[in-house]
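Reproduced below: start-v9.cif, with mmCIF, C-alpha atoms.
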data_work
#
loop_
_atom_site.label_atom_id
_atom_site.label_comp_id
_atom_site.auth_asym_id
_atom_site.auth_seq_id
_atom_site.Cartn_x
_atom_site.Cartn_y
_atom_site.Cartn_z
CA MET A 22 94.23 -121.74 45.91
CA PHE A 23 97.47 -122.48 44.13
CA ASN A 24 100.08 -120.03 42.91
CA ILE A 25 102.29 -119.77 39.87
CA GLY A 26 105.23 -122.14 40.34
CA ASP A 27 103.34 -124.60 42.55
CA LYS A 28 103.85 -128.29 41.79
CA VAL A 29 100.48 -130.02 41.56
CA VAL A 30 98.91 -133.28 40.43
CA TYR A 31 95.97 -133.46 38.07
CA PRO A 32 94.44 -136.95 38.42
CA MET A 33 94.44 -139.00 35.19
CA HIS A 34 97.03 -136.63 33.67
CA GLY A 35 99.97 -136.42 36.05
CA ALA A 36 102.06 -133.89 37.90
CA GLY A 37 103.14 -130.53 36.63
CA ILE A 38 103.83 -126.92 37.47
CA ILE A 39 101.34 -124.07 37.38
CA GLU A 40 102.81 -121.64 34.86
CA ALA A 41 100.09 -119.00 34.80
CA ILE A 42 96.63 -117.98 35.93
CA GLU A 43 94.70 -116.59 32.97
CA GLU A 44 91.22 -115.31 32.31
CA LYS A 45 89.67 -116.77 29.16
CA GLU A 46 86.32 -116.40 27.51
CA ILE A 47 85.00 -119.68 26.18
CA LEU A 48 81.54 -119.84 24.61
CA GLY A 49 80.73 -116.42 26.08
CA ASP A 50 81.67 -117.51 29.60
CA LYS A 51 84.63 -115.76 31.26
CA LYS A 52 86.55 -117.86 33.76
CA GLU A 53 89.96 -117.93 35.37
CA TYR A 54 92.15 -120.93 34.59
CA TYR A 55 95.33 -122.44 35.92
CA VAL A 56 97.71 -123.10 33.04
CA MET A 57 99.64 -126.21 34.01
CA ASN A 58 102.68 -127.65 32.25
CA ILE A 59 103.11 -131.41 32.64
CA PRO A 60 106.76 -132.08 31.70
CA VAL A 61 106.45 -135.87 31.39
CA GLY A 62 104.50 -136.23 28.17
CA GLU A 63 104.97 -132.54 27.34
CA MET A 64 101.36 -131.50 27.87
CA LYS A 65 99.74 -128.18 28.76
CA VAL A 66 96.43 -128.27 30.60
CA MET A 67 94.00 -125.50 31.52
CA ILE A 68 91.95 -126.09 34.66
CA PRO A 69 89.08 -123.75 35.59
CA LEU A 70 89.65 -122.37 39.08
CA ASP A 71 86.04 -123.11 40.02
CA LYS A 72 86.55 -126.83 39.16
CA VAL A 73 89.82 -127.41 41.03
CA GLU A 74 88.19 -129.25 43.92
CA LYS A 75 85.93 -131.31 41.65
CA VAL A 76 88.81 -132.55 39.46
CA GLY A 77 90.93 -133.32 42.53
CA LEU A 78 93.91 -131.05 41.84
CA ARG A 79 96.34 -131.43 44.74
CA GLU A 80 99.90 -130.61 45.74
CA VAL A 81 102.59 -133.18 44.96
CA ILE A 82 103.63 -135.42 47.84
CA SER A 83 106.50 -134.44 50.10
CA GLU A 84 109.97 -135.85 49.56
CA ASN A 85 109.50 -137.79 52.81
CA SER A 86 106.62 -139.74 51.21
CA VAL A 87 108.69 -141.05 48.28
CA GLN A 88 109.91 -144.05 50.27
CA ALA A 89 106.30 -144.88 51.16
CA VAL A 90 105.48 -144.97 47.43
CA PHE A 91 108.35 -147.38 46.80
CA LYS A 92 107.17 -149.46 49.76
CA VAL A 93 103.76 -149.80 48.05
CA LEU A 94 105.49 -150.81 44.82
CA LYS A 95 107.49 -153.52 46.64
CA GLU A 96 104.58 -154.95 48.65
CA THR A 97 103.15 -158.31 47.82
CA GLU A 98 99.50 -158.05 46.99
CA GLU A 99 96.49 -160.20 47.49
CA VAL A 100 95.47 -162.12 44.39
CA SER A 101 93.97 -159.65 41.96
CA ASN A 102 90.54 -160.22 40.50
CA THR A 103 90.61 -162.69 37.63
CA ASN A 104 87.58 -161.03 35.99
CA TRP A 105 89.17 -158.63 33.47
CA ASN A 106 86.30 -156.14 33.55
CA ARG A 107 86.18 -155.86 37.37
CA ARG A 108 89.97 -155.62 37.59
CA TYR A 109 90.03 -152.90 34.91
CA ARG A 110 87.30 -150.85 36.63
CA SER A 111 88.98 -151.21 40.02
CA ASN A 112 92.30 -150.05 38.59
CA LEU A 113 90.63 -147.14 36.77
CA ASP A 114 88.98 -146.01 40.02
CA LYS A 115 92.37 -146.09 41.74
CA ILE A 116 93.92 -143.92 39.02
CA LYS A 117 90.99 -141.48 39.11
CA SER A 118 91.39 -141.12 42.89
CA GLY A 119 94.49 -139.00 42.31
CA SER A 120 96.37 -140.77 45.11
CA ILE A 121 99.95 -141.60 44.16
CA PHE A 122 99.74 -144.60 46.48
CA LYS A 123 96.69 -145.99 44.60
CA VAL A 124 98.43 -145.31 41.25
CA ALA A 125 101.49 -147.17 42.59
CA GLU A 126 99.22 -150.14 43.43
CA VAL A 127 97.95 -150.17 39.83
CA VAL A 128 101.50 -150.02 38.42
CA ARG A 129 102.62 -152.80 40.76
CA SER A 130 99.74 -155.15 40.00
CA LEU A 131 99.80 -154.60 36.23
CA LEU A 132 103.59 -154.97 35.98
CA ARG A 133 103.41 -158.23 37.92
CA ARG A 134 100.47 -159.47 35.87
CA GLU A 135 102.31 -158.57 32.67
CA ARG A 136 105.31 -160.58 33.80
CA GLU A 137 103.22 -163.60 34.82
CA LYS A 138 100.42 -163.75 32.25
CA GLY A 139 100.70 -160.82 29.86
CA LEU A 140 98.28 -157.92 29.50
CA SER A 141 95.43 -157.14 27.15
CA THR A 142 95.73 -154.04 24.99
CA GLY A 143 93.45 -152.10 27.36
CA GLU A 144 95.46 -153.03 30.43
CA ARG A 145 98.72 -152.30 28.60
CA LYS A 146 97.45 -148.74 27.87
CA MET A 147 96.33 -148.40 31.47
CA LEU A 148 99.76 -149.50 32.71
CA ASP A 149 101.48 -146.98 30.44
CA ASN A 150 99.18 -144.20 31.65
CA ALA A 151 99.53 -145.10 35.35
CA ARG A 152 103.29 -145.34 34.96
CA GLN A 153 103.46 -141.90 33.35
CA ILE A 154 101.34 -140.39 36.15
CA LEU A 155 103.55 -142.03 38.80
CA ILE A 156 106.80 -141.02 37.10
CA SER A 157 105.63 -137.42 36.55
CA GLU A 158 105.03 -136.89 40.27
CA LEU A 159 108.23 -138.62 41.38
CA VAL A 160 110.25 -136.53 38.89
CA LEU A 161 108.90 -133.28 40.36
CA VAL A 162 109.24 -134.38 43.97
CA GLN A 163 112.77 -135.76 43.68
CA GLY A 164 114.03 -133.18 41.19
CA VAL A 165 115.57 -135.89 39.01
CA ASP A 166 115.35 -136.82 35.36
CA GLU A 167 112.51 -138.95 33.99
CA SER A 168 115.01 -141.63 32.93
CA GLU A 169 116.29 -141.98 36.51
CA VAL A 170 112.81 -142.63 37.89
CA SER A 171 112.07 -145.07 35.03
CA ALA A 172 115.32 -146.91 35.74
CA SER A 173 114.41 -147.19 39.45
CA LEU A 174 111.06 -148.71 38.53
CA GLU A 175 112.65 -151.12 36.04
CA GLU A 176 115.16 -152.23 38.66
CA LEU A 177 112.40 -152.71 41.21
CA PHE A 178 110.46 -155.03 38.90
CA ASP A 179 113.42 -156.79 37.30
CA PRO A 180 112.72 -160.53 37.60
CA GLN A 181 116.33 -161.16 38.66
CA SER A 182 115.98 -158.82 41.64
CA CYS A 183 112.69 -160.35 42.86
#

Structure re-expressed in structure tokens:
Amino acid sequence: MFNIGDKVVYPMHGAGIIEAIEEKEILGDKKEYYVMNIPVGEMKVMIPLDKVEKVGLREVISENSVQAVFKVLKETEEVSNTNWNRRYRSNLDKIKSGSIFKVAEVVRSLLRREREKGLSTGERKMLDNARQILISELVLVQGVDESEVSASLEELFDPQSC
């Protein structure tokens, strides 16, 4: 159970702060919901308390784990699947997992693929989404501005620094 003020991650949406716990009646069904504010992307999400485990809501990583995320981003990877459909599904599964480390793998592989070969529209959208999810958690963990985290990622993948 989370409390108001807790920093959590909602897979496929990003990291945010629980602002309230409210009871709502929707279609005649009364349930309690977490009201979560996701600052990156300025989104409010309501998550039914009885679905928290199913959707994979979790606490943000510790500050000690931030370097491990950047390590994943810097790693060289095995050759990614050349079949677009398989690659897309694999990346989508990684994002859905809710693991910041898996999301970092997706960001890394798509940024490198974009630099080398370019991305399809679908993969471009996926990259933007994965990037936003990654940035949203790093912003909350590090207590820095979104632009600082974005700049760190840009620097990491700058062709002149590789």

**Request:** Just the residues within 12 Å of Glu98 of chain A, please, counting all atoms listed in the file, with nothing from its chain fewer than 2 positions along; format it as a list of chain:residue names.
**Result:**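 Once the adjacent positions are removed, what remains is A:Lys92, A:Val93, A:Leu94, A:Lys95, A:Glu96, A:Val100, A:Ser101, A:Asn102, A:Ala125, A:Glu126, A:Val127, A:Val128, A:Arg129, A:Ser130, A:Leu131, A:Arg133, A:Arg134.
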
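Relative to atom CA of Gly37 of chain A, atom CA of Glu144 of chain A is found at 24.6 Å.
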
**Complete:** re atom CA of Ile25 of chain A and atom CA of Glu80 of chain A: distance 12.6 Å

**Request:** Extract, using only C-alpha atoms, all DNA, RNA and protein residues at most 8 Å from segment 69-71 of chain A, discarding same-chain residues fewer than 4 positions from it, and format them as a list of chain:residue names.
**Result:** A:Lys52, A:Glu53, A:Tyr54, A:Tyr55

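In terms of minimum interatomic distance to Gly77 of chain A, A:Lys117 ranks closest within A:Arg108, A:Lys117, A:Lys123, A:Lys138, counting all atoms listed in the file.
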
**Prompt:** In Å to one decimal, how far is atom CA of Asn85 of chain A from atom CA of Met57 of chain A?
**Reply:** 24.2 Å
